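work.txt follows (compact mmCIF, C-alpha atoms):
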```
# COMPACT_ATOMS: atom_id res chain seq x y z
CA MET A 1476 -124.89 85.75 -49.72
CA SER A 1477 -127.70 85.08 -52.14
CA GLU A 1478 -130.49 85.52 -49.60
CA THR A 1479 -130.99 88.77 -47.75
CA ARG A 1480 -131.86 88.69 -44.11
CA ARG A 1481 -133.28 91.29 -41.82
CA PHE A 1482 -130.62 92.59 -39.46
CA ARG A 1483 -131.41 92.86 -35.77
CA ILE A 1484 -130.42 95.96 -33.85
CA LEU A 1485 -130.63 96.29 -30.07
CA ILE A 1486 -130.94 99.86 -28.82
CA ALA A 1487 -129.67 99.98 -25.23
CA ASP A 1488 -130.26 103.29 -23.47
CA ASP A 1489 -131.93 104.15 -20.17
CA GLU A 1490 -133.44 107.36 -21.58
CA PRO A 1491 -136.68 106.73 -23.52
CA ILE A 1492 -136.18 109.92 -25.57
CA ASN A 1493 -132.82 108.60 -26.82
CA GLN A 1494 -134.39 105.25 -27.72
CA GLU A 1495 -137.13 107.07 -29.63
CA LEU A 1496 -134.61 109.25 -31.48
CA LEU A 1497 -132.50 106.28 -32.57
CA GLU A 1498 -135.63 104.38 -33.59
CA ALA A 1499 -136.79 107.39 -35.64
CA PHE A 1500 -133.41 107.56 -37.40
CA LEU A 1501 -133.62 103.86 -38.30
CA ILE A 1502 -137.28 103.85 -39.45
CA GLY A 1503 -137.64 102.77 -43.05
CA LYS A 1504 -134.43 100.74 -43.09
CA ASP A 1505 -136.04 97.30 -42.63
CA TYR A 1506 -134.17 96.49 -39.43
CA GLU A 1507 -135.71 94.46 -36.63
CA LEU A 1508 -135.38 96.58 -33.49
CA ASP A 1509 -135.50 95.75 -29.80
CA PHE A 1510 -134.82 97.89 -26.75
CA ALA A 1511 -133.11 97.58 -23.37
CA ASN A 1512 -133.27 100.08 -20.51
CA ASP A 1513 -130.23 99.10 -18.44
CA GLY A 1514 -127.08 97.03 -18.63
CA ALA A 1515 -128.53 93.86 -17.14
CA GLU A 1516 -131.51 93.92 -19.49
CA THR A 1517 -129.13 94.52 -22.40
CA LEU A 1518 -127.23 91.31 -21.62
CA ALA A 1519 -130.51 89.38 -21.34
CA LYS A 1520 -131.68 90.77 -24.68
CA VAL A 1521 -128.36 89.88 -26.33
CA GLU A 1522 -129.10 86.27 -25.42
CA SER A 1523 -132.81 86.25 -26.32
CA PHE A 1524 -132.93 88.67 -29.28
CA GLN A 1525 -129.49 87.76 -30.72
CA PRO A 1526 -128.76 91.13 -32.32
CA ASP A 1527 -126.28 91.74 -35.12
CA LEU A 1528 -125.56 95.21 -33.73
CA ILE A 1529 -125.98 96.94 -30.38
CA LEU A 1530 -126.33 100.71 -30.18
CA LEU A 1531 -125.03 100.97 -26.64
CA ASP A 1532 -125.19 103.92 -24.27
CA VAL A 1533 -122.33 104.06 -21.78
CA MET A 1534 -124.05 105.57 -18.75
CA MET A 1535 -126.79 103.10 -17.77
CA PRO A 1536 -128.02 101.66 -14.47
CA LYS A 1537 -127.05 98.20 -13.17
CA LEU A 1538 -124.16 97.73 -15.62
CA SER A 1539 -122.42 100.44 -17.62
CA GLY A 1540 -122.09 100.19 -21.37
CA PHE A 1541 -118.38 99.50 -20.83
CA GLU A 1542 -119.23 96.49 -18.65
CA VAL A 1543 -121.87 95.25 -21.09
CA CYS A 1544 -119.50 95.54 -24.04
CA GLU A 1545 -116.74 93.71 -22.20
CA LYS A 1546 -119.10 90.84 -21.35
CA VAL A 1547 -120.53 90.63 -24.88
CA LYS A 1548 -117.11 90.69 -26.55
CA GLY A 1549 -115.61 88.33 -23.94
CA ASP A 1550 -118.15 85.57 -24.60
CA PRO A 1551 -117.32 83.42 -27.66
CA LYS A 1552 -121.07 83.00 -28.36
CA THR A 1553 -121.60 86.78 -28.67
CA ALA A 1554 -118.17 88.12 -29.56
CA GLY A 1555 -119.25 88.64 -33.18
CA VAL A 1556 -122.04 91.04 -32.24
CA MET A 1557 -121.08 94.50 -33.43
CA VAL A 1558 -121.11 97.22 -30.76
CA LEU A 1559 -121.50 100.91 -31.53
CA MET A 1560 -121.13 102.99 -28.38
CA VAL A 1561 -123.50 105.96 -28.53
CA THR A 1562 -122.77 108.31 -25.67
CA ALA A 1563 -122.48 111.84 -24.36
CA LEU A 1564 -118.98 110.98 -23.12
CA SER A 1565 -116.39 112.29 -25.53
CA ASP A 1566 -113.14 112.51 -23.57
CA LEU A 1567 -110.20 110.71 -25.13
CA GLY A 1568 -110.01 108.49 -22.03
CA ASP A 1569 -113.61 107.38 -22.54
CA VAL A 1570 -112.98 106.56 -26.19
CA GLU A 1571 -109.84 104.64 -25.22
CA ARG A 1572 -111.74 102.70 -22.55
CA ALA A 1573 -114.48 101.84 -25.09
CA VAL A 1574 -111.88 100.51 -27.50
CA ASN A 1575 -110.16 98.56 -24.73
CA VAL A 1576 -113.40 96.74 -23.81
CA GLY A 1577 -113.92 95.78 -27.45
CA CYS A 1578 -116.39 98.23 -28.97
CA ASP A 1579 -116.32 98.32 -32.74
CA ASP A 1580 -117.09 102.01 -33.14
CA TYR A 1581 -117.87 105.07 -31.03
CA LEU A 1582 -120.32 107.87 -31.72
CA SER A 1583 -120.64 110.96 -29.52
CA LYS A 1584 -123.94 112.69 -28.83
CA PRO A 1585 -125.57 114.72 -30.21
CA ILE A 1586 -126.22 112.12 -32.90
CA HIS A 1587 -126.45 113.19 -36.51
CA ARG A 1588 -128.84 111.03 -38.54
CA LEU A 1589 -126.65 110.59 -41.63
CA GLU A 1590 -123.56 109.72 -39.59
CA LEU A 1591 -125.49 107.14 -37.55
CA LEU A 1592 -127.07 105.56 -40.63
CA LYS A 1593 -123.74 105.28 -42.45
CA ARG A 1594 -121.98 103.73 -39.46
CA VAL A 1595 -124.83 101.28 -38.88
CA GLU A 1596 -124.83 100.34 -42.58
CA ASN A 1597 -121.06 99.78 -42.60
CA MET A 1598 -121.08 97.75 -39.40
CA LEU A 1599 -123.88 95.52 -40.67
CA LYS A 1600 -122.03 94.98 -43.97
CA LEU A 1601 -118.99 93.93 -41.97
CA ARG A 1602 -121.13 91.61 -39.85
CA ALA A 1603 -122.61 90.00 -42.98
CA VAL A 1604 -119.17 89.43 -44.53
CA THR A 1605 -117.82 88.00 -41.27
CA ASP A 1606 -120.81 85.65 -40.96
CA GLU A 1607 -120.35 84.48 -44.56
CA LEU A 1608 -116.63 83.84 -44.01
CA GLU A 1609 -117.42 81.79 -40.92
CA ARG A 1610 -120.05 79.80 -42.83
CA LEU A 1611 -117.54 79.09 -45.62
CA ARG A 1612 -114.85 78.10 -43.11
CA ARG A 1613 -117.22 75.58 -41.52
CA TYR A 1614 -118.16 74.23 -44.97
CA ILE A 1615 -114.50 73.79 -45.97
CA ASP A 1616 -113.73 72.07 -42.65
CA ALA A 1617 -116.65 69.67 -43.18
CA MET A 1618 -115.52 68.89 -46.72
CA GLU A 1619 -111.96 68.26 -45.55
CA ASP A 1620 -113.27 65.96 -42.81
CA GLN A 1621 -115.21 63.97 -45.43
CA LEU A 1622 -112.19 63.69 -47.69
CA ASN A 1623 -109.79 62.86 -44.87
CA PRO A 1624 -111.61 61.07 -42.00
CA LYS A 1625 -108.38 60.80 -39.95
CA ARG A 1626 -108.22 64.62 -39.85
CA SER A 1627 -111.23 64.87 -37.49
CA ASN A 1628 -109.80 62.37 -34.94
```
Could you quickly redo this structure as structure tokens?
Amino acid sequence: MSETRRFRILIADDEPINQELLEAFLIGKDYELDFANDGAETLAKVESFQPDLILLDVMMPKLSGFEVCEKVKGDPKTAGVMVLMVTALSDLGDVERAVNVGCDDYLSKPIHRLELLKRVENMLKLRAVTDELERLRRYIDAMEDQLNPKRSN
């Protein structure tokens, strides 16, 4: 991990004030940010923007955050995208449902700046380590294929 890259964060919330608040909390952290206003737009942005992390509201039009998370985590191309549910829902059943659809972490509103920043930082560190492990696994597989051509048949 010799080169540093700019992490991409998708903020998915149908309330502009919530988008602005999250953006304000992340200002100065050298993240590339993009925004989605509903569940369908979030899925489109996952494909086009290719975020490392989604800050995902649960209650959105078109598709709920639960549905978005399930689709993102269920697709092998996007399963590695980290998902932090950011929501006013705080019942144990809601947290359990978020975990069951694959979210990586859950943060209840009102959001506290320091808590959000620390969770984002930790999730992006985990994403970087996971990406590096995958890159090394592919490198080892390629080297083994070169050393043992019959292995790849």
(request) Return the single residue from A:Lys1600, A:Leu1531, A:Ser1523, A:Leu1538 that is closest to Asp1580 in chain A, with distances computed using all atoms listed in the file. (result) A:Leu1531
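The spacing separating CA of Gly1577 in chain A from CA of Leu1497 in chain A amounts to 21.9 Å.
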(message) Excluding Glu1542 in chain A and its own-chain neighbours fewer than 6 positions away, which residues fall within 12 Å of it when counting only C-alpha atoms? Please give them as a list of chain:residue names.
(response) A:Asp1513, A:Gly1514, A:Ala1515, A:Thr1517, A:Leu1518, A:Leu1531, A:Asp1532, A:Val1533, A:Met1534, A:Met1535, A:Pro1536, A:Lys1548, A:Gly1549, A:Met1560, A:Arg1572, A:Ala1573, A:Asn1575, A:Val1576, A:Gly1577, A:Cys1578
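Using only C-alpha atoms, the shortest contact distance between Leu1592 in chain A and any of A:Glu1507, A:Gly1540, A:Phe1500, A:Asp1616 is found at A:Phe1500.
Take CA of Val1543 in chain A and CA of Glu1495 in chain A: the distance between them is 21.1 Å.
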(request) Pick out the closest residue to Arg1483 in chain A from this set: A:Lys1593, A:Arg1602, A:Arg1588, A:Lys1552. Count only C-alpha atoms. (result) A:Arg1602
(message) List the spatial neighbours of Tyr1506 in chain A as a PyMOL selection string - criterion: any atom at most 7 Å away, all atoms listed in the file, same-chain residues fewer than 5 positions off excluded.
(response) chain A and resi 1481-1484
Selected residues written out, C-alpha atoms, as a compact mmCIF listing (two decimals), keeping the file's coordinate frame:
```txt
# COMPACT_ATOMS: atom_id res chain seq x y z
CA ARG A 1481 -133.28 91.29 -41.82
CA PHE A 1482 -130.62 92.59 -39.46
CA ARG A 1483 -131.41 92.86 -35.77
CA ILE A 1484 -130.42 95.96 -33.85
```
(request) Tell me which of A:Ile1502, A:Ala1511, A:Leu1608, A:Leu1564 sits closest to Glu1490 in chain A, counting only C-alpha atoms. (result)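 For Glu1490 in chain A, the nearest of the candidates is A:Ala1511.
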